[in-house]
Amino acid sequence: MKKPLPVILALLGTYVLGAPLSLAAWNTQLVMDVLPTAALAPAPAGGLMQAETTEMTGQAAVSHTQPIVDGLSLSGTAWGMADSLPTGIPFDTLPTKIDLQSRILELKLAWEAIPGTLIWDAGKKVIHPSSGFFRTPLNVISHGALGNAANLSGGAVGTWEEGWVGTGLTALLGSFTLSNFFSPRLAWSPAADQVLQYVSTQQQDYQDLTQLDVRIGVADVRLLGLLSSGGPGSADPAVHLTAGMGVDSNIGDAVTVRAEGTIADSRTRMAVTSDQLPLAAAVQTVSWVPEALVGFTWTNKDQLSVMAEYCYNGLGFGGGDYSRLITYSQALRANTGAGPDLLDQLGTFQAAQHYGFLRVSGKIDDRLSAAGWTTVNLQDLSGLTGIVLTLSYDAWTVNASLMNAWGNTDTEAGLSPLLWKVDLEVSLFL
Amino acid sequence: MTRIRVVLFLSMVSLLAAAAGAFAESPSEMLAQVDARRYIPNLSFVMQMTSFDGDKQVDTNTLWGFIKGTGTRNRSLLSFAGPASVKGRKMLMDGNVVYLLFPRTTNPIRLSPLQVLLGQASNGDVVRTGFSQDYDVSSLAEAEHGGVACYLFTLTVKETSKDASYQKVLLWVEKQSLRPVYAEFSTGDKLLKQATYSDYQSVMGKDLAFTMDIHDGDNPQKHTVMTYEKVGQKQVADTVFRRDYLPSWVPEQPR
């Protein structure tokens with residue numbers, strides 16, 4: 001019996017050579033990061049001491065889009081990472097020296113059933129309706145950034161993110177676009193199917209996202225609704241609703257503006273139940289939680305750019321509740337291990353309701369650009385500040401970043417153990 | 001004396017006749033004809049954009065895309081085929097509204113026209129296929145440019161196109177062929193860009209400038225050369241020029 005493989009490969013080769021000449025080459029990106037970090041850690045003799053460590057990560061991602069016939073294409077991205085400090089926390093080193101992770105970020109078949117009008121896709125894809133930079137309220141289904149390297153650009157979205165397995169239908173009709181994406185629950189036993197963790201993250205809920213986009217003048221208006229449920233037999237079988245709306249527009253040649261908001265019928269958070277020893281916190285369910293963002297970007301002809309955003313975080317604390325959280329965190333810092341840490345330790349702050357963001361960027365010369373950014377907790381005027389220098393060439397870039405937390409010891413950022421973090425990153429594009 | 005008057009009179013009559021012959025059509029009709037001779041509907045292309053600072057090459061981008069429409073109200077889909085660091089980026093230009101989609105993302109980012117980074121070329125420069133839709137002719141004269149006899153059109157932006165990138169254009173058009181050879185784009189007072197059109201080739205019965213060299217008005221040492229490497233035609237539905245189509249678009253070279 002003849003082996004069919006060579007015949008199949010020959011047919012496949014003939015087909016690929018005969019396929020429409022498209023921008024279908026393989027895209028590969030290799031990224032190496034070196035991240036020296038200093039943070040406050042518990043000292044053996046009590047109190048706190050400065051701990052320093054250097055995390056090293058190597059990441060690779062390969063993407064490809066292959067047209068099959070006119071209107072039908074297959075595309076995907078695979079990602080892998082080796083990390084010397086998987087937790088990203090200087091005083092929490094693991095016994096294993098290198099942690100390996102990998103995922104299929106996207107893999108989907110897309111078919112334009114009616115060219116330019118009706119598009120169906122199935123597989124795995126990332127869904128990002130938000131236009132926000134430092135916060136993204138409209139990204140109502142998101143796995144978050146992959147990898148432990150901190151995103152030192154100040155943005156909410158990392159370089160790589162894993163998509164959701166599901167199927168979608170998009171109809172473009174005049175000025176309207178109506179789309180729906182359904183994603184099923186995909187759960188398995190991590191013990192029995194260990195290899196699956198290198199392919200995909202589990203999906204704990206059934207999710208159905210419907211989105212309507214309309215162009216009004218030069219403004220893009222977006223409405224979305226997400227229904228989600230763990231389904232029968234799950235920990236949370238109830239059906240939950242998140243609704244959102246966003247607007248993007250231009251003002252003249254130099255300014256873009258954006259505003260978006262969501263409201264979720266039910267979300268959970270950790271809340272302080274006792275700020276006296278013994279410290280105590282418990283999970284709290286909050287109904288009808290709003291989140292909103294407004295912002296603008298101004299750019300001049302020399303590419304100097306200023307971006308400012310404000311975010312209202314409905315899941316955060318205000319007034320007396322916020323003061324209790326700070327008191328609790330101060331007590332926790334003095335008595336390490338006395339309770340769960342409710343403040344984000346090394347990056348994104350979420351405890352307060354009001355945050356502001358400012359980013360200034362520009363070109364220093366044809367190859368070198370610089371950006372400075374700051375995220376400010378507007379309730380206690382503490383925050384994170386970073387600077388990024390980027391040297392760009394055709395096939396590689398070098399980034400040097402520095403991030404620093406600042407604030408008094410009765411503020412959110414001042415209570416962060418992070419002192420500073422540096423990232424030296426080299427990216428190769430093949 | 002009478003003879004001199006007769007000679008002067010005849011000279012004036014012949015000058016007027018020459019002028020009337022030269023501008024047999026109205027200036028607006030002539031500008032429309034300049035556009036019509038080079039306008040290819042549904043143009044698809046591969047374009048090389050190389051930026052220079054003096055003689056030093058700063059960067060080169062290769063773009064694949066297509067244009068639909070006329071004037072600066074064109075809508076265009078562009079994808080970056082090179083260099084490797086920008087490969088896979090896709091851009092939609094819809095008049096002054098520009099969206100950029102990075103690889104592995106699904107939400108196109110809205111850019112202001114000044115955020116479009118294509119060397120000295122603006123989004124309007126890339127997708128412009130004509131002048132008559134956005135500009136009125138305020139005067140027409142004869143002039144030489146580079147030793148070539150030209151018509152010199154002075155164009156001012158129409159009330160309906162106030163959001164066009166340039167308020168005033170001086171356009172030199174070769175008399176014999178009606179090919180634009182040179183243009184100066186300004187705010188009215190300040191020169192913003194100078195463009196030289198060259199390497200005309202006959203494509204689908206039209207005269208297309210395969211090379212446009214755009215110089216910065218402030219620093220003419222900085223310039224960007226846009227060269228068509230391949231052109232064709234692609235018929236597409238209007239809806240593909242929607243932000244929401246960009247993630248689904250699979251770019252192809254002209255066939």
# chains A, B, ... in the order shown; residues from 1 in each chain; ligands from 1
$ closest_atom_pairs --of "chain B" --to "chain A" --cutoff "9 Å" --atoms "only C-alpha atoms" --output "tab-separated table"
residue	atom	partner	partner_atom	distance
B:Val58	CA	A:Asp366	CA	6.7
B:Asp59	CA	A:Asp394	CA	7.8
B:Thr60	CA	A:Asp394	CA	8.5
B:Trp64	CA	A:Leu23	CA	8.5
B:Ser79	CA	A:Leu23	CA	8.4
B:Phe80	CA	A:Leu23	CA	8.9
B:Ala81	CA	A:Leu23	CA	6.7
B:Gly82	CA	A:Asp394	CA	8.2
B:Pro83	CA	A:Asp394	CA	5.3
B:Ala84	CA	A:Ala395	CA	5.3
B:Ser85	CA	A:Ala395	CA	5.3
B:Val86	CA	A:Asp394	CA	8.1
B:Lys87	CA	A:Asn27	CA	7.7
B:Gly88	CA	A:Leu23	CA	7.7
B:Asn96	CA	A:Asp253	CA	7.6
B:Val97	CA	A:Val218	CA	7.1
B:Pro103	CA	A:Ser63	CA	8.8
B:Arg104	CA	A:Thr77	CA	7.6
B:Thr105	CA	A:Val126	CA	6.9
B:Thr106	CA	A:His128	CA	5.8
B:Asn107	CA	A:His128	CA	5.5
B:Pro108	CA	A:Ser131	CA	8.3
B:Ile109	CA	A:Ser131	CA	6.7
B:Arg110	CA	A:Thr256	CA	7.1
B:Leu111	CA	A:Thr256	CA	6.6
B:Ser112	CA	A:Ala254	CA	5.5
B:Pro113	CA	A:Asp253	CA	5.2
B:Leu114	CA	A:Lys301	CA	5.6
B:Gln115	CA	A:Thr299	CA	6.2
B:Val116	CA	A:Gln303	CA	8.9
B:Leu117	CA	A:Gln303	CA	8.2
B:Asp163	CA	A:Gly252	CA	7.5
B:Ser165	CA	A:Asp253	CA	8.1
B:Val236	CA	A:Gly116	CA	7.5
B:Ala237	CA	A:Gly116	CA	5.8
B:Asp238	CA	A:Gly116	CA	7.7
B:Thr239	CA	A:Gly116	CA	5.6
B:Val240	CA	A:Gly116	CA	5.0
B:Phe241	CA	A:Gly116	CA	8.8
B:Arg242	CA	A:Leu172	CA	8.1
B:Arg243	CA	A:Asp220	CA	9.0
B:Asp244	CA	A:Thr177	CA	7.0
B:Tyr245	CA	A:Gly116	CA	7.2
B:Ser248	CA	A:Ala110	CA	7.6
B:Trp249	CA	A:Gly116	CA	8.8
B:Val250	CA	A:Ser22	CA	7.2
B:Pro251	CA	A:Leu23	CA	5.7
B:Glu252	CA	A:Ser22	CA	4.1
B:Gln253	CA	A:Leu21	CA	6.0
B:Pro254	CA	A:Leu21	CA	8.6
B:Arg255	CA	A:Leu21	CA	8.3
$ residues_around --residues "Gly123 in chain A" --least-positions-apart "2" --cutoff "6 Å" --atoms "only C-alpha atoms" --output "PyMOL selection string"
chain A and resi 107-108+165-166
$ write_last_selection --atoms "N, CA and C atoms" --output "short mmCIF file (atom, residue, chain, number, x, y, z; two decimals), in the first residue's frame"
data_model
loop_
_atom_site.label_atom_id
_atom_site.label_comp_id
_atom_site.auth_asym_id
_atom_site.auth_seq_id
_atom_site.Cartn_x
_atom_site.Cartn_y
_atom_site.Cartn_z
N LEU A 107 -6.85 30.70 16.50
CA LEU A 107 -6.86 29.73 15.40
C LEU A 107 -8.28 29.71 14.86
N LYS A 108 -8.49 30.37 13.74
CA LYS A 108 -9.89 30.47 13.28
C LYS A 108 -10.00 30.35 11.77
N VAL A 165 -12.52 30.36 22.49
CA VAL A 165 -13.02 29.39 21.52
C VAL A 165 -14.51 29.64 21.35
N GLY A 166 -14.94 29.76 20.11
CA GLY A 166 -16.36 30.01 19.87
C GLY A 166 -16.62 30.22 18.40
#
$ residues_around --residues "range 176-185 of chain B" --least-positions-apart "2" --cutoff "9 Å" --atoms "only C-alpha atoms" --output "PyMOL selection string"
chain B and resi 30-31+33-35+37-38+145+149-151+165-174+187-188+190-198+200+207-209+217
$ write_last_selection --atoms "N, CA and C atoms" --output "CSV table (one decimal), in the first residue's frame"
chain,number,residue,atom,x,y,z
B,30,MET,N,-10.9,72.2,-17.4
B,30,MET,CA,-9.5,71.7,-17.6
B,30,MET,C,-9.0,70.9,-16.5
B,31,LEU,N,-9.3,71.3,-15.2
B,31,LEU,CA,-8.8,70.6,-14.1
B,31,LEU,C,-9.5,69.2,-14.0
B,33,GLN,N,-10.4,67.6,-16.5
B,33,GLN,CA,-9.8,66.7,-17.5
B,33,GLN,C,-8.5,66.2,-17.0
B,34,VAL,N,-7.7,67.1,-16.3
B,34,VAL,CA,-6.4,66.6,-15.7
B,34,VAL,C,-6.7,65.4,-14.8
B,35,ASP,N,-7.7,65.5,-14.0
B,35,ASP,CA,-8.0,64.4,-13.1
B,35,ASP,C,-8.5,63.1,-13.9
B,37,ARG,N,-7.8,62.1,-16.8
B,37,ARG,CA,-6.8,61.4,-17.6
B,37,ARG,C,-6.0,60.5,-16.7
B,38,ARG,N,-6.0,60.6,-15.4
B,38,ARG,CA,-5.2,59.8,-14.6
B,38,ARG,C,-6.0,59.0,-13.6
B,145,HIS,N,8.0,74.9,-15.8
B,145,HIS,CA,8.5,74.2,-14.7
B,145,HIS,C,9.5,73.2,-15.2
B,149,ALA,N,6.7,73.5,-20.7
B,149,ALA,CA,5.6,74.5,-20.7
B,149,ALA,C,4.4,73.9,-20.0
B,150,CYS,N,3.9,74.7,-19.0
B,150,CYS,CA,2.9,74.2,-18.1
B,150,CYS,C,1.7,75.2,-18.0
B,151,TYR,N,0.6,74.6,-17.6
B,151,TYR,CA,-0.5,75.5,-17.1
B,151,TYR,C,-0.3,75.5,-15.6
B,165,SER,N,-6.6,68.3,3.8
B,165,SER,CA,-5.4,68.6,4.4
B,165,SER,C,-4.8,69.9,4.1
B,166,TYR,N,-5.0,70.4,2.9
B,166,TYR,CA,-4.4,71.7,2.5
B,166,TYR,C,-5.5,72.7,2.0
B,167,GLN,N,-5.3,73.9,2.3
B,167,GLN,CA,-6.3,74.9,2.0
B,167,GLN,C,-6.0,75.5,0.6
B,168,LYS,N,-4.7,75.5,0.1
B,168,LYS,CA,-4.4,76.0,-1.2
B,168,LYS,C,-3.4,75.1,-1.9
B,169,VAL,N,-3.6,75.0,-3.2
B,169,VAL,CA,-2.6,74.2,-4.0
B,169,VAL,C,-2.2,75.0,-5.2
B,170,LEU,N,-0.9,75.0,-5.5
B,170,LEU,CA,-0.4,75.5,-6.8
B,170,LEU,C,0.0,74.3,-7.6
B,171,LEU,N,-0.7,74.1,-8.8
B,171,LEU,CA,-0.5,72.9,-9.5
B,171,LEU,C,0.1,73.2,-10.9
B,172,TRP,N,1.2,72.7,-11.2
B,172,TRP,CA,1.8,72.8,-12.6
B,172,TRP,C,1.4,71.6,-13.4
B,173,VAL,N,0.8,71.8,-14.5
B,173,VAL,CA,0.4,70.7,-15.4
B,173,VAL,C,1.0,70.9,-16.8
B,174,GLU,N,1.6,69.8,-17.3
B,174,GLU,CA,2.3,69.9,-18.6
B,174,GLU,C,1.2,70.2,-19.6
B,187,THR,N,-1.1,76.2,3.6
B,187,THR,CA,-2.3,76.7,4.4
B,187,THR,C,-2.9,77.9,3.7
B,188,GLY,N,-2.2,78.5,2.8
B,188,GLY,CA,-2.6,79.7,2.2
B,188,GLY,C,-1.4,80.7,2.4
B,190,LYS,N,1.4,79.5,4.5
B,190,LYS,CA,2.6,78.7,4.8
B,190,LYS,C,2.7,77.5,3.9
B,191,LEU,N,3.9,77.3,3.3
B,191,LEU,CA,4.1,76.2,2.4
B,191,LEU,C,4.2,74.9,3.3
B,192,LEU,N,3.4,73.9,3.0
B,192,LEU,CA,3.5,72.7,3.8
B,192,LEU,C,4.2,71.6,3.1
B,193,LYS,N,4.0,71.4,1.9
B,193,LYS,CA,4.6,70.3,1.1
B,193,LYS,C,4.8,70.7,-0.3
B,194,GLN,N,5.8,70.1,-0.9
B,194,GLN,CA,6.0,70.2,-2.4
B,194,GLN,C,6.0,68.8,-2.9
B,195,ALA,N,5.3,68.6,-4.1
B,195,ALA,CA,5.3,67.2,-4.7
B,195,ALA,C,5.7,67.3,-6.1
B,196,THR,N,6.5,66.3,-6.5
B,196,THR,CA,6.9,66.2,-7.9
B,196,THR,C,6.4,64.8,-8.4
B,197,TYR,N,5.7,64.9,-9.5
B,197,TYR,CA,5.1,63.7,-10.1
B,197,TYR,C,5.9,63.3,-11.4
B,198,SER,N,6.3,62.0,-11.4
B,198,SER,CA,7.1,61.6,-12.6
B,198,SER,C,6.9,60.1,-12.9
B,200,TYR,N,5.6,58.7,-15.6
B,200,TYR,CA,4.2,58.4,-16.0
B,200,TYR,C,4.2,57.1,-16.9
B,207,ASP,N,-3.1,57.8,-17.7
B,207,ASP,CA,-1.7,58.2,-17.5
B,207,ASP,C,-1.5,58.2,-16.0
B,208,LEU,N,-0.7,57.4,-15.4
B,208,LEU,CA,-0.5,57.3,-14.0
B,208,LEU,C,0.9,57.6,-13.6
B,209,ALA,N,1.1,58.6,-12.7
B,209,ALA,CA,2.5,58.9,-12.2
B,209,ALA,C,2.9,57.8,-11.3
B,217,GLY,N,7.6,71.1,3.7
B,217,GLY,CA,7.7,72.6,3.4
B,217,GLY,C,8.7,73.3,4.3
$ residues_around --residues "range 42-44 of chain A" --least-positions-apart "6" --cutoff "9 Å" --atoms "only C-alpha atoms" --output "ChimeraX atom specification"
/A:50-51,91,333,336
$ atom_distance --atom1 "CA of Ile263 in chain A" --atom2 "CA of Val289 in chain A"
5.3 Å
$ residues_around --residues "range 418-420 of chain A" --least-positions-apart "5" --cutoff "8 Å" --atoms "only C-alpha atoms" --output "PyMOL selection string"
chain A and resi 37-40+345-346+402-405
$ write_last_selection --atoms "N, CA and C atoms" --output "PDB file, in the first residue's frame"
ATOM      1  N   THR A  37      14.221  44.081  39.441  1.00  0.00           N
ATOM      2  CA  THR A  37      13.118  44.642  40.229  1.00  0.00           C
ATOM      3  C   THR A  37      13.541  44.779  41.688  1.00  0.00           C
ATOM      4  N   ALA A  38      13.114  45.854  42.312  1.00  0.00           N
ATOM      5  CA  ALA A  38      13.332  46.017  43.754  1.00  0.00           C
ATOM      6  C   ALA A  38      11.981  46.180  44.429  1.00  0.00           C
ATOM      7  N   ALA A  39      11.786  45.423  45.521  1.00  0.00           N
ATOM      8  CA  ALA A  39      10.520  45.499  46.247  1.00  0.00           C
ATOM      9  C   ALA A  39      10.782  45.298  47.731  1.00  0.00           C
ATOM     10  N   LEU A  40       9.820  45.689  48.553  1.00  0.00           N
ATOM     11  CA  LEU A  40       9.942  45.486  49.995  1.00  0.00           C
ATOM     12  C   LEU A  40       9.459  44.091  50.344  1.00  0.00           C
ATOM     13  N   GLN A 345      -0.218  44.212  44.034  1.00  0.00           N
ATOM     14  CA  GLN A 345       1.120  44.402  44.567  1.00  0.00           C
ATOM     15  C   GLN A 345       2.089  45.094  43.621  1.00  0.00           C
ATOM     16  N   LEU A 346       2.052  44.721  42.375  1.00  0.00           N
ATOM     17  CA  LEU A 346       3.150  45.166  41.513  1.00  0.00           C
ATOM     18  C   LEU A 346       2.675  45.750  40.188  1.00  0.00           C
ATOM     19  N   LEU A 402      11.420  51.962  32.676  1.00  0.00           N
ATOM     20  CA  LEU A 402      11.558  52.066  34.130  1.00  0.00           C
ATOM     21  C   LEU A 402      10.190  52.412  34.700  1.00  0.00           C
ATOM     22  N   MET A 403       9.786  51.674  35.736  1.00  0.00           N
ATOM     23  CA  MET A 403       8.495  51.952  36.370  1.00  0.00           C
ATOM     24  C   MET A 403       8.726  52.125  37.867  1.00  0.00           C
ATOM     25  N   ASN A 404       8.040  53.078  38.455  1.00  0.00           N
ATOM     26  CA  ASN A 404       8.247  53.386  39.861  1.00  0.00           C
ATOM     27  C   ASN A 404       6.902  53.691  40.522  1.00  0.00           C
ATOM     28  N   ALA A 405       6.674  53.119  41.707  1.00  0.00           N
ATOM     29  CA  ALA A 405       5.455  53.420  42.462  1.00  0.00           C
ATOM     30  C   ALA A 405       5.766  54.546  43.448  1.00  0.00           C
TER      31      ALA A 405
END
$ residues_around --residues "Asp53 in chain B" --least-positions-apart "3" --cutoff "9 Å" --atoms "only C-alpha atoms" --output "tab-separated table (two decimals) with C-alpha atoms, in the first residue's frame"
chain	number	residue	atom	x	y	z
B	56	LYS	CA	20.20	59.37	3.91
B	57	GLN	CA	17.45	56.78	3.69
B	58	VAL	CA	15.45	56.81	6.91
B	220	PRO	CA	12.87	70.27	2.04
B	221	GLN	CA	15.78	67.95	2.88
B	222	LYS	CA	13.19	65.62	4.36
B	223	HIS	CA	11.24	63.90	1.64
B	224	THR	CA	9.31	60.73	0.92
$ select_by_dssp --residues "range 96-189 of chain B" --states "alpha helix (DSSP H)" --output "PDB file with C-alpha atoms, in the first residue's frame"
ATOM      1  CA  ASN B 123      -3.042  59.997   4.479  1.00  0.00           C
ATOM      2  CA  GLY B 124      -4.447  62.451   1.904  1.00  0.00           C
ATOM      3  CA  ASP B 125      -1.255  62.227  -0.148  1.00  0.00           C
ATOM      4  CA  VAL B 126      -1.429  58.449  -0.284  1.00  0.00           C
ATOM      5  CA  VAL B 127      -5.011  58.162  -1.397  1.00  0.00           C
TER       6      VAL B 127
END
$ atom_distance --atom1 "CA of Thr211 in chain B" --atom2 "CA of Gly146 in chain B"
16.7 Å
$ atom_distance --atom1 "CA of Ile98 in chain A" --atom2 "CA of Ala191 in chain A"
20.6 Å
$ select_by_dssp --residues "range 100-239 of chain A" --states "strand (DSSP E or B)" --output "PyMOL selection string"
chain A and resi 100-114+118-125+145+161+164-173+176-183+186+203+206-216+219-229
